[in-house]
Amino acid sequence: MKTLPKLTVCVGIRYVRSRQWGYNPDVTVYAVLDGIRVDESHGSASGCGYDKTSAAVCRAFLDNPLLETLALWDGFDPAKPEYGPECCHDTGHGYRYRFGGQGMGVFERLMESNGFDMTRVDGADESVGYRFVRRMPRSFTAIV
């Protein structure tokens with residue numbers, strides 16, 4: 001029996017100093033579906049008054065074709081909260097990520113609610129890394 005391919009999502013966050021806005025996140029996201037596809041995307045955020053890190057991660061997710069496909073897949077769980085803002089917007093034919101500015105906890109819950117195992121690594125240089133892994137069913141690999 002053939003094993004199902006793993007979807008691995010690696011999120012690297014490093015902080016870049018800005019004279020005006022302090023430290024701003026610069027995010028790189030790699031999405032790898034074993035033996036099928038690899039996509040890379042980037043996001044950043046500046047300003048104040050919101051969670052810049054989750055905003056930068058959300059921008060990178062919105063710009064990643066494989067992760068966009070994940071949000072359009074029938075098996076995607078939008079992790080709707082009982083109250084508060086939604087982390088994914090229902091477009092009528094799938095979902096669009098909307099967790100930007102809501103905090104990294106919202107992002108982590110979204111990934112875990114979709115069956116991903118999460119590993120977080122804090123770097124010595126203030127960088128942060130996330131690794132999410134999940135075996136994907138044929139219904140997902142068929143649409144990639």
# chains A, B, ... in the order shown; residues from 1 in each chain; ligands from 1

$ residues_around --residues "Gly92 of chain A" --least-positions-apart "4" --cutoff "12 Å" --atoms "only C-alpha atoms" --output "PyMOL selection string"
chain A and resi 71-72+74+88+96

$ select_by_dssp --residues "segment 65-129 of chain A" --states "alpha helix (DSSP H)" --output "MDAnalysis selection string"
chainID A and resid 65:72 104:113

$ write_last_selection --atoms "N, CA and C atoms" --output "short mmCIF file (atom, residue, chain, number, x, y, z; two decimals), in the first residue's frame"
data_model
loop_
_atom_site.label_atom_id
_atom_site.label_comp_id
_atom_site.auth_asym_id
_atom_site.auth_seq_id
_atom_site.Cartn_x
_atom_site.Cartn_y
_atom_site.Cartn_z
N PRO A 65 0.70 29.41 -3.67
CA PRO A 65 -0.29 28.64 -4.42
C PRO A 65 -0.71 27.32 -3.75
N LEU A 66 0.23 26.60 -3.15
CA LEU A 66 -0.12 25.33 -2.52
C LEU A 66 -1.00 25.54 -1.28
N LEU A 67 -0.72 26.59 -0.52
CA LEU A 67 -1.53 26.88 0.67
C LEU A 67 -2.88 27.49 0.28
N GLU A 68 -2.92 28.17 -0.83
CA GLU A 68 -4.20 28.66 -1.34
C GLU A 68 -5.07 27.46 -1.75
N THR A 69 -4.46 26.46 -2.36
CA THR A 69 -5.18 25.24 -2.72
C THR A 69 -5.71 24.54 -1.48
N LEU A 70 -4.91 24.53 -0.40
CA LEU A 70 -5.36 23.94 0.86
C LEU A 70 -6.64 24.61 1.34
N ALA A 71 -6.70 25.94 1.27
CA ALA A 71 -7.88 26.68 1.73
C ALA A 71 -9.10 26.46 0.84
N LEU A 72 -8.87 26.07 -0.41
CA LEU A 72 -9.99 25.81 -1.34
C LEU A 72 -10.46 24.36 -1.29
N MET A 104 -0.51 35.18 16.72
CA MET A 104 0.00 33.90 16.24
C MET A 104 -0.77 32.72 16.82
N GLY A 105 -1.41 32.88 17.95
CA GLY A 105 -2.21 31.80 18.52
C GLY A 105 -3.37 31.41 17.61
N VAL A 106 -3.97 32.39 16.95
CA VAL A 106 -5.05 32.13 16.00
C VAL A 106 -4.52 31.31 14.83
N PHE A 107 -3.35 31.70 14.32
CA PHE A 107 -2.71 30.96 13.22
C PHE A 107 -2.39 29.53 13.64
N GLU A 108 -1.82 29.35 14.83
CA GLU A 108 -1.48 28.01 15.31
C GLU A 108 -2.72 27.14 15.43
N ARG A 109 -3.80 27.68 15.99
CA ARG A 109 -5.06 26.92 16.13
C ARG A 109 -5.63 26.53 14.76
N LEU A 110 -5.53 27.42 13.78
CA LEU A 110 -6.00 27.12 12.44
C LEU A 110 -5.26 25.92 11.86
N MET A 111 -3.96 25.92 11.99
CA MET A 111 -3.18 24.81 11.45
C MET A 111 -3.44 23.51 12.20
N GLU A 112 -3.53 23.59 13.51
CA GLU A 112 -3.81 22.38 14.31
C GLU A 112 -5.21 21.85 14.05
N SER A 113 -6.18 22.72 13.82
CA SER A 113 -7.55 22.26 13.55
C SER A 113 -7.64 21.56 12.19
#

$ atom_distance --atom1 "atom CA of Val57 of chain A" --atom2 "atom CA of Tyr130 of chain A"
10.8 Å

$ closest_atom_pairs --of "segment 55-92 of chain A" --to "segment 22-46 of chain A" --cutoff "6 Å" --atoms "only C-alpha atoms" --output "Markdown table"
| residue | atom | partner | partner_atom | distance |
| --- | --- | --- | --- | --- |
| A:Ala56 | CA | A:Ser44 | CA | 4.3 |
| A:Arg59 | CA | A:Gly43 | CA | 5.0 |
| A:Ala60 | CA | A:Gly43 | CA | 4.4 |
| A:Asp63 | CA | A:Ser41 | CA | 5.9 |
| A:Asn64 | CA | A:Ser41 | CA | 5.4 |

$ residues_around --residues "Thr3 of chain A" --least-positions-apart "4" --cutoff "12 Å" --atoms "only C-alpha atoms" --output "ChimeraX atom specification"
/A:34,135-138

$ write_last_selection --atoms "C-alpha atoms" --output "PDB file, in the first residue's frame"
ATOM      1  CA  ASP A  34       6.274  15.302  -1.103  1.00  0.00           C
ATOM      2  CA  ARG A 135      -0.321  13.419   5.578  1.00  0.00           C
ATOM      3  CA  MET A 136      -2.709  14.544   2.864  1.00  0.00           C
ATOM      4  CA  PRO A 137      -5.492  12.361   1.463  1.00  0.00           C
ATOM      5  CA  ARG A 138      -5.960  11.666  -2.219  1.00  0.00           C
TER       6      ARG A 138
END

$ atom_distance --atom1 "atom CA of Thr53 of chain A" --atom2 "atom CA of Val9 of chain A"
16.6 Å

$ closest_residue --among "A:Asn114, A:Arg14, A:Cys48, A:Arg134" --to "Lys80 of chain A" --atoms "only C-alpha atoms"
A:Asn114

$ atom_distance --atom1 "atom CA of Asp117 of chain A" --atom2 "atom CA of His93 of chain A"
26.4 Å

$ select_by_dssp --residues "segment 83-136 of chain A" --states "strand (DSSP E or B)" --output "PDB file with N, CA, C and O atoms, in the first residue's frame"
ATOM      1  N   CYS A  88     -10.672  32.814   8.690  1.00  0.00           N
ATOM      2  CA  CYS A  88     -10.773  32.508   7.266  1.00  0.00           C
ATOM      3  C   CYS A  88     -12.121  33.001   6.773  1.00  0.00           C
ATOM      4  O   CYS A  88     -13.137  32.838   7.444  1.00  0.00           O
ATOM      5  N   HIS A  89     -12.118  33.606   5.605  1.00  0.00           N
ATOM      6  CA  HIS A  89     -13.357  34.138   5.025  1.00  0.00           C
ATOM      7  C   HIS A  89     -13.915  33.133   4.018  1.00  0.00           C
ATOM      8  O   HIS A  89     -13.193  32.646   3.147  1.00  0.00           O
ATOM      9  N   ASP A  90     -15.198  32.820   4.142  1.00  0.00           N
ATOM     10  CA  ASP A  90     -15.855  31.904   3.209  1.00  0.00           C
ATOM     11  C   ASP A  90     -16.163  32.660   1.921  1.00  0.00           C
ATOM     12  O   ASP A  90     -16.943  33.599   1.914  1.00  0.00           O
ATOM     13  N   TYR A  95     -12.131  28.920   1.070  1.00  0.00           N
ATOM     14  CA  TYR A  95     -11.823  29.935   2.083  1.00  0.00           C
ATOM     15  C   TYR A  95     -10.614  30.759   1.689  1.00  0.00           C
ATOM     16  O   TYR A  95      -9.789  30.336   0.891  1.00  0.00           O
ATOM     17  N   ARG A  96     -10.529  31.942   2.270  1.00  0.00           N
ATOM     18  CA  ARG A  96      -9.381  32.828   2.085  1.00  0.00           C
ATOM     19  C   ARG A  96      -8.877  33.177   3.481  1.00  0.00           C
ATOM     20  O   ARG A  96      -9.665  33.512   4.366  1.00  0.00           O
ATOM     21  N   TYR A  97      -7.562  33.097   3.676  1.00  0.00           N
ATOM     22  CA  TYR A  97      -6.973  33.351   4.995  1.00  0.00           C
ATOM     23  C   TYR A  97      -7.232  34.783   5.438  1.00  0.00           C
ATOM     24  O   TYR A  97      -7.075  35.723   4.673  1.00  0.00           O
ATOM     25  N   GLY A 101      -3.027  39.943  11.816  1.00  0.00           N
ATOM     26  CA  GLY A 101      -3.278  40.935  12.860  1.00  0.00           C
ATOM     27  C   GLY A 101      -3.968  40.395  14.092  1.00  0.00           C
ATOM     28  O   GLY A 101      -4.133  41.110  15.072  1.00  0.00           O
ATOM     29  N   ASP A 117       0.633  18.612  12.688  1.00  0.00           N
ATOM     30  CA  ASP A 117       1.467  18.555  13.886  1.00  0.00           C
ATOM     31  C   ASP A 117       2.401  19.744  13.831  1.00  0.00           C
ATOM     32  O   ASP A 117       3.023  20.010  12.795  1.00  0.00           O
ATOM     33  N   MET A 118       2.517  20.478  14.942  1.00  0.00           N
ATOM     34  CA  MET A 118       3.284  21.720  14.952  1.00  0.00           C
ATOM     35  C   MET A 118       4.550  21.579  15.780  1.00  0.00           C
ATOM     36  O   MET A 118       4.537  20.995  16.858  1.00  0.00           O
ATOM     37  N   THR A 119       5.637  22.130  15.246  1.00  0.00           N
ATOM     38  CA  THR A 119       6.882  22.265  15.986  1.00  0.00           C
ATOM     39  C   THR A 119       7.289  23.728  15.878  1.00  0.00           C
ATOM     40  O   THR A 119       7.291  24.292  14.785  1.00  0.00           O
ATOM     41  N   ARG A 120       7.627  24.338  17.020  1.00  0.00           N
ATOM     42  CA  ARG A 120       8.064  25.733  17.022  1.00  0.00           C
ATOM     43  C   ARG A 120       9.504  25.780  17.519  1.00  0.00           C
ATOM     44  O   ARG A 120       9.844  25.116  18.496  1.00  0.00           O
ATOM     45  N   VAL A 121      10.338  26.557  16.840  1.00  0.00           N
ATOM     46  CA  VAL A 121      11.740  26.701  17.220  1.00  0.00           C
ATOM     47  C   VAL A 121      12.046  28.181  17.378  1.00  0.00           C
ATOM     48  O   VAL A 121      11.834  28.960  16.444  1.00  0.00           O
ATOM     49  N   ASP A 122      12.520  28.551  18.556  1.00  0.00           N
ATOM     50  CA  ASP A 122      12.941  29.929  18.795  1.00  0.00           C
ATOM     51  C   ASP A 122      14.443  30.017  18.586  1.00  0.00           C
ATOM     52  O   ASP A 122      15.208  29.306  19.245  1.00  0.00           O
ATOM     53  N   VAL A 128      12.169  33.131  14.687  1.00  0.00           N
ATOM     54  CA  VAL A 128      11.219  32.097  15.101  1.00  0.00           C
ATOM     55  C   VAL A 128      10.933  31.221  13.887  1.00  0.00           C
ATOM     56  O   VAL A 128      10.846  31.712  12.768  1.00  0.00           O
ATOM     57  N   GLY A 129      10.785  29.942  14.120  1.00  0.00           N
ATOM     58  CA  GLY A 129      10.444  29.040  13.036  1.00  0.00           C
ATOM     59  C   GLY A 129       9.313  28.117  13.434  1.00  0.00           C
ATOM     60  O   GLY A 129       9.194  27.723  14.597  1.00  0.00           O
ATOM     61  N   TYR A 130       8.460  27.813  12.488  1.00  0.00           N
ATOM     62  CA  TYR A 130       7.380  26.848  12.680  1.00  0.00           C
ATOM     63  C   TYR A 130       7.507  25.772  11.617  1.00  0.00           C
ATOM     64  O   TYR A 130       7.874  26.062  10.481  1.00  0.00           O
ATOM     65  N   ARG A 131       7.159  24.559  11.991  1.00  0.00           N
ATOM     66  CA  ARG A 131       7.097  23.462  11.019  1.00  0.00           C
ATOM     67  C   ARG A 131       5.799  22.714  11.283  1.00  0.00           C
ATOM     68  O   ARG A 131       5.540  22.261  12.388  1.00  0.00           O
ATOM     69  N   PHE A 132       4.977  22.629  10.247  1.00  0.00           N
ATOM     70  CA  PHE A 132       3.697  21.925  10.318  1.00  0.00           C
ATOM     71  C   PHE A 132       3.746  20.762   9.337  1.00  0.00           C
ATOM     72  O   PHE A 132       4.164  20.939   8.195  1.00  0.00           O
ATOM     73  N   VAL A 133       3.315  19.582   9.789  1.00  0.00           N
ATOM     74  CA  VAL A 133       3.350  18.392   8.936  1.00  0.00           C
ATOM     75  C   VAL A 133       2.029  17.653   9.048  1.00  0.00           C
ATOM     76  O   VAL A 133       1.482  17.490  10.147  1.00  0.00           O
ATOM     77  N   ARG A 134       1.541  17.187   7.892  1.00  0.00           N
ATOM     78  CA  ARG A 134       0.318  16.388   7.856  1.00  0.00           C
ATOM     79  C   ARG A 134       0.335  15.505   6.613  1.00  0.00           C
ATOM     80  O   ARG A 134       0.749  15.943   5.541  1.00  0.00           O
ATOM     81  N   ARG A 135      -0.117  14.284   6.747  1.00  0.00           N
ATOM     82  CA  ARG A 135      -0.321  13.419   5.578  1.00  0.00           C
ATOM     83  C   ARG A 135      -1.615  13.857   4.914  1.00  0.00           C
ATOM     84  O   ARG A 135      -2.636  14.048   5.566  1.00  0.00           O
TER      85      ARG A 135
END

$ closest_residue --among "A:Asp125, A:Phe140, A:Asp51, A:Pro78" --to "Lys6 of chain A" --atoms "only C-alpha atoms"
A:Phe140
